[in-house]
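**Q** For reference, the structure I am asking about is given below.
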Amino acid sequence: MTFLELTKVNTFYGLSHILFDVSLSVNKGEIVGLLGRNGAGKSTTMKSIMALVPPRSGFIRFKGQDIKGKDPYLLFRTGIGYVPDDRRVFADLSVDDNLEIVYRRNGDWTKEKVYQLFPPLAEIKDRRAGHLSGGEQQMLTIGRALMGSPELLLLDEPTEGLAPLIVKALENQILQLKSMGISILLSEQNVKSALKLVDRVYVIDNGRIRFEGTVKDLETNEEIKKRYLMV
Amino acid sequence: MDTGALLFQKILSQIFVGLSRTTILFIVSSGMSLILGVLRIPNIAHGSLYMIGAFMAFSVSNFFGGGSQGFWMALLLAPIGVAILSLITERGIFQFLYKREHLMLLLLTFALSLIFGDLVKLVWGAEYKSVPVPQVFHGHLTLVAGIPIPLYNLFLLLVGPVVAILLWLFVNKTKMGKISRAAAVDRDMVGAVGINVSRVFAAVFVVGCLLAGLGGVLVAPTVNVTLGMDHTLIMEAFLIVIMGGLGNIWGALIGALIFGLAQSLGILIWPQFGIIFPYAAVVIVLMIKPTGLLKSTW
């Protein structure tokens, strides 16, 4: 069954048209990659799903239900976790409080479980989130989304600006989340990193989906790679 | 007694007067700052709620036969009355307008302050009202250097820190407080982790307005309760909040201290023009730190 399904989604910022008939789907248990350059429309796609920038037309279905027009907090409560590319930790609050205030669905995620997945966070749980390094903030935003025991995770460029060693650790953690049954829509500019993780790929450019297929399909398609991904 | 000692006595006694004024200013402006910081509403009607708090104190106090019992009941019930009124306003009007620009909100709250003003005239009339100081607080206490301090002022000096501590606990120790701190900076993201921000806003608005009402009750026994008491206060409260840093509750505390003390000591320095001093203090503070003394949440 298709878990998340976008059909012909059009999104605007004010008057400027950003997403053009974007259609994509994520099946249960999959990691799906959304690849594209800076400004291609990856973040806007994520925000459209999370209703932070509500689409003007099209359909978004999650677990078979139409979710377009619902408030972000209700989407979170139906099981969608959102990890924004600019992280947006609650800077004034401690690490622990960042996790504490999240709405808890009936699920098995607890602070302890988040700290198990990201051990470095446990050591700095009383530190103000605004004082964390980029890598630590990234762990915290993912942990924060996990506190709601999501069934689907929207990861918007999680490796952006992180050191290679941290990227590597993060890749492992993302695979762990998949093994726990969480479906993931992962947007990335870092194609090399993304292709190690994903099951299927969409390539987006100028707000339009330009390619859809398996990792193998993409790897053999030199033209798409050259034109839209600069690899 | 030599002149030095006399002057010292005078200064000290004015400081006590200033500190009790500070208490009122702090209670009212901390509520305003809370609302400004979290909901981003520059609430001009905050002064009206303070005035309504004072008038409600009069009515409740009268209902319970004036005297001590009347005062304590007023202290309990009038802020709750103001809170209920503010909840109606928030759910009825404000909740639909958070996305509007600040100017719109400012105009709306200005309109509300006019409406509340007329409402007060309608309900309580235009005459002065007075709320008696409760029996327990009649008289003076001599603490230091032979200065007699009215007991009610001492009571205010106790209430101030109690409110500050309760507010600190609310903001730092309760989940609602933590959420409101997060929402002050990034309300969209707070929504994206499953929190119904609209409800949080309603709660914070009510807490802030409750403080306005409480300030009104506390000031009632020391002044003539009258129409127009909202105007002076809203001006002062805005200046205090700006001086302390928009949205910063502790800034409001420091701002209230500076304002209250400048007011009371200014009278000592230059009695005819004492009113200038607190405003001069605001100018000096803003010249040195244009964004306010403490970190603003804006």
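Note on naming: chains are A, B, ... as they come in the structure tokens, residues start from 1 per chain, ligands start from 1 in the order shown.
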Counting only C-alpha atoms, which residues in chain B sit no more than 9 Å from chain A? For each one, give the nearest pair of atoms and the distance in Å, sorted by chain then residue number, as a tab-separated table.
**A**
```
residue	atom	partner	partner_atom	distance
B:Lys175	CA	A:Ile101	CA	6.3
B:Met176	CA	A:Ile101	CA	8.3
B:Lys178	CA	A:Ile101	CA	7.1
B:Ile179	CA	A:Ile101	CA	6.2
B:Arg181	CA	A:Asp92	CA	7.1
B:Ala182	CA	A:Phe90	CA	5.4
B:Ala183	CA	A:Phe90	CA	8.5
B:Val185	CA	A:Phe90	CA	7.6
B:Asp186	CA	A:Phe90	CA	7.5
B:Asp188	CA	A:Leu52	CA	7.2
B:Met189	CA	A:Arg88	CA	7.1
B:Val190	CA	A:Val102	CA	8.1
B:Gly191	CA	A:Tyr73	CA	4.7
B:Ala192	CA	A:Pro72	CA	5.2
B:Val193	CA	A:Val102	CA	5.5
B:Gly194	CA	A:Tyr73	CA	3.9
B:Ile195	CA	A:Tyr73	CA	5.5
B:Asn196	CA	A:Tyr73	CA	6.0
B:Val197	CA	A:Tyr73	CA	8.1
```
**Q** Mind checking which residues fall within 12 Å of region 3-10 of chain A, counting only C-alpha atoms, ignoring those fewer than 3 positions away in the same chain, and posting them as a VMD selection string?
**A** chain A and resid 13 16 to 32 41 44 to 51 53 to 68 79 to 80 151 to 154 182 to 185 207 to 209
**Q** Write a file of the just-selected residues containing C-alpha atoms, as a tab-separated table (two decimals), in the first residue's frame.
**A**
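And here's selection39.tsv as it stands now:
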```tsv
chain	number	residue	atom	x	y	z
A	13	TYR	CA	5.22	31.48	-2.06
A	16	SER	CA	5.76	32.87	-7.16
A	17	HIS	CA	4.97	29.36	-8.28
A	18	ILE	CA	7.48	26.96	-6.69
A	19	LEU	CA	6.22	23.41	-7.13
A	20	PHE	CA	4.71	22.30	-10.46
A	21	ASP	CA	2.53	19.18	-10.40
A	22	VAL	CA	4.82	17.31	-8.04
A	23	SER	CA	3.77	13.70	-7.64
A	24	LEU	CA	5.68	11.19	-5.56
A	25	SER	CA	5.06	8.33	-3.21
A	26	VAL	CA	6.67	6.57	-0.27
A	27	ASN	CA	5.81	2.98	0.60
A	28	LYS	CA	5.82	1.56	4.09
A	29	GLY	CA	9.31	0.81	5.35
A	30	GLU	CA	11.06	2.50	2.45
A	31	ILE	CA	13.65	5.24	2.34
A	32	VAL	CA	12.88	7.40	-0.66
A	41	GLY	CA	12.17	22.61	-4.51
A	44	THR	CA	9.27	23.29	-0.32
A	45	THR	CA	8.09	19.75	-1.03
A	46	MET	CA	8.78	18.83	2.60
A	47	LYS	CA	7.02	21.94	3.85
A	48	SER	CA	4.06	21.28	1.58
A	49	ILE	CA	3.64	17.82	3.06
A	50	MET	CA	3.92	19.22	6.60
A	51	ALA	CA	1.46	22.02	5.70
A	53	VAL	CA	3.55	26.03	3.22
A	54	PRO	CA	0.16	24.63	2.28
A	55	PRO	CA	-0.14	23.63	-1.40
A	56	ARG	CA	-2.64	25.49	-3.51
A	57	SER	CA	-3.76	22.45	-5.48
A	58	GLY	CA	-3.19	18.74	-5.67
A	59	PHE	CA	-3.70	15.91	-3.22
A	60	ILE	CA	-1.62	14.61	-0.35
A	61	ARG	CA	-2.61	11.30	1.15
A	62	PHE	CA	-1.07	9.68	4.24
A	63	LYS	CA	-2.13	6.21	5.33
A	64	GLY	CA	-4.96	6.46	2.83
A	65	GLN	CA	-6.34	9.68	4.31
A	66	ASP	CA	-6.48	13.06	2.64
A	67	ILE	CA	-4.28	15.29	4.80
A	68	LYS	CA	-4.19	18.43	2.70
A	79	GLY	CA	2.50	10.16	12.64
A	80	ILE	CA	4.59	12.46	10.45
A	151	GLU	CA	5.63	6.35	11.18
A	152	LEU	CA	6.99	8.62	8.47
A	153	LEU	CA	10.00	10.88	8.84
A	154	LEU	CA	10.65	13.84	6.56
A	182	ILE	CA	10.00	4.00	10.05
A	183	SER	CA	9.44	5.15	6.47
A	184	ILE	CA	11.63	8.05	5.41
A	185	LEU	CA	11.51	10.72	2.75
A	207	GLY	CA	10.00	22.56	-8.92
A	208	ARG	CA	9.34	19.65	-11.29
A	209	ILE	CA	10.02	15.96	-10.82
```
**Q** Name all residues at most 7 Å from region 35-43 of chain B (count only C-alpha atoms; drop same-chain ones fewer than 6 positions away) and give them as a PyMOL selection string.
**A** chain B and resi 102+105-106+109+180-181+183-184+201+204-205+208+246-248+297-298
**Q** Quick one: write out the picked residues with C-alpha atoms as a compact mmCIF listing (two decimals), in the first residue's frame?
**A**
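File written: part_29.txt
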```txt
# COMPACT_ATOMS: atom_id res chain seq x y z
CA HIS B 102 1.77 44.06 14.09
CA LEU B 105 -2.88 44.07 16.08
CA LEU B 106 -1.82 47.37 17.59
CA THR B 109 -5.86 46.49 20.83
CA SER B 180 5.72 29.22 25.32
CA ARG B 181 9.45 30.01 25.34
CA ALA B 183 6.86 29.41 20.59
CA ALA B 184 8.17 32.91 21.26
CA PHE B 201 -1.32 31.23 23.03
CA VAL B 204 -0.27 32.62 27.85
CA PHE B 205 -2.62 35.48 27.01
CA GLY B 208 -0.52 37.80 31.10
CA LEU B 246 10.79 43.25 24.43
CA GLY B 247 9.33 40.02 25.71
CA ASN B 248 11.85 39.59 28.50
CA THR B 297 12.75 37.87 22.02
CA TRP B 298 11.91 39.93 18.94
```
**Q** Determine, counting only C-alpha atoms, which protein, DNA and RNA residues have an atom within 8 Å of an atom of region 65-71 of chain B; residues of the same chain fewer than 2 positions away are not included. Present the result as a list in words.
**A** Ala57, Val60, Ser61, Asn62, Phe63, Met73, Ala74, Leu75, Val131, Pro132, Val133, Pro134, Gln135 and Val136 of chain B
**Q** Output as a VMD selection string all residues of region 59-227 of chain A that backbone DSSP marks as alpha helix (DSSP H).
**A** chain A and resid 72 to 78 95 to 100 111 to 117 119 to 123 134 to 146 164 to 179 191 to 197 215 to 220 222 to 224
**Q** Go ahead and write the selection's residues with C-alpha atoms as a compact mmCIF listing (two decimals), in the first residue's frame.
**A**
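Dumped everything to again.txt:
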```
# COMPACT_ATOMS: atom_id res chain seq x y z
CA PRO A 72 0.92 20.85 11.10
CA TYR A 73 0.29 19.84 14.69
CA LEU A 74 -2.44 17.43 13.58
CA LEU A 75 -0.14 15.96 10.92
CA PHE A 76 2.47 15.35 13.60
CA ARG A 77 -0.19 13.61 15.65
CA THR A 78 -1.11 11.32 12.78
CA VAL A 95 18.42 19.59 25.04
CA ASP A 96 16.24 17.66 27.45
CA ASP A 97 13.44 20.22 27.29
CA ASN A 98 13.56 20.22 23.50
CA LEU A 99 12.58 16.56 23.69
CA GLU A 100 10.28 17.04 26.68
CA LYS A 111 13.90 10.36 25.89
CA GLU A 112 15.96 7.36 26.99
CA LYS A 113 15.50 5.73 23.61
CA VAL A 114 16.54 8.91 21.81
CA TYR A 115 19.63 9.14 24.00
CA GLN A 116 20.42 5.51 23.17
CA LEU A 117 20.27 6.26 19.47
CA PRO A 119 24.63 8.87 22.89
CA PRO A 120 26.40 12.26 22.56
CA LEU A 121 23.09 13.99 23.36
CA ALA A 122 22.82 12.24 26.72
CA GLU A 123 26.02 13.90 27.86
CA GLY A 134 25.75 21.59 13.95
CA GLY A 135 26.03 17.83 14.33
CA GLU A 136 24.55 17.90 17.81
CA GLN A 137 21.70 20.10 16.65
CA GLN A 138 20.98 17.68 13.83
CA MET A 139 20.80 14.76 16.26
CA LEU A 140 18.50 16.82 18.44
CA THR A 141 16.08 17.72 15.65
CA ILE A 142 15.86 14.10 14.59
CA GLY A 143 15.45 13.04 18.20
CA ARG A 144 12.77 15.66 18.68
CA ALA A 145 10.80 14.34 15.71
CA LEU A 146 11.20 10.78 17.02
CA PRO A 164 32.34 13.54 7.02
CA LEU A 165 32.71 11.51 10.19
CA ILE A 166 29.42 12.80 11.53
CA VAL A 167 27.73 12.21 8.17
CA LYS A 168 28.83 8.61 8.38
CA ALA A 169 27.39 8.16 11.86
CA LEU A 170 24.18 9.82 10.74
CA GLU A 171 23.86 7.44 7.80
CA ASN A 172 24.03 4.52 10.20
CA GLN A 173 21.42 6.04 12.43
CA ILE A 174 19.09 6.63 9.52
CA LEU A 175 19.44 2.98 8.51
CA GLN A 176 18.68 2.00 12.11
CA LEU A 177 15.47 4.02 11.96
CA LYS A 178 14.53 2.21 8.78
CA SER A 179 15.12 -1.14 10.45
CA VAL A 191 23.96 12.43 -3.85
CA LYS A 192 26.73 10.07 -2.83
CA SER A 193 25.53 9.86 0.72
CA ALA A 194 21.88 9.58 -0.26
CA LEU A 195 22.37 6.75 -2.73
CA LYS A 196 23.87 4.60 0.02
CA LEU A 197 20.64 4.83 1.98
CA VAL A 215 19.14 3.71 -7.41
CA LYS A 216 20.46 1.51 -10.20
CA ASP A 217 18.39 3.35 -12.82
CA LEU A 218 19.81 6.64 -11.67
CA GLU A 219 23.37 5.43 -11.51
CA THR A 220 23.26 4.38 -15.12
CA GLU A 222 24.40 9.86 -17.04
CA GLU A 223 22.23 12.54 -18.58
CA ILE A 224 19.98 13.05 -15.58
```
**Q** What is the distance between CA of Thr2 (chain A) and CA of Phe211 (chain A), in Å to one decimal?
**A**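 CA of Thr2 (chain A) sits 18.8 Å away from CA of Phe211 (chain A).
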**Q** I want to know what sits within 10 Å of Phe259 (chain B), based on only C-alpha atoms, with residues of the same chain fewer than 2 positions away left out; could you give that as number ranges by chain?
**A** B: 18-19, 21-22, 25-26, 236-237, 239-240, 243, 253-257, 261-264, 277-282
**Q** Enumerate, as a ChimeraX atom specification, the complete set of residues in region 24-226 of chain A that a backbone-based DSSP assignment places in strand (DSSP E or B).
**A** /A:24-27,31-35,57-62,65-66,80-83,94,128,152-156,183-188,200-205,208-214
**Q** Counting only C-alpha atoms, figure out which residue out of A:Lys225, A:Arg200, A:Gln189, A:Glu212 gets nearest to Gly39 (chain A).
**A**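 Comparing A:Lys225, A:Arg200, A:Gln189, A:Glu212 against Gly39 (chain A), the winner is A:Gln189.
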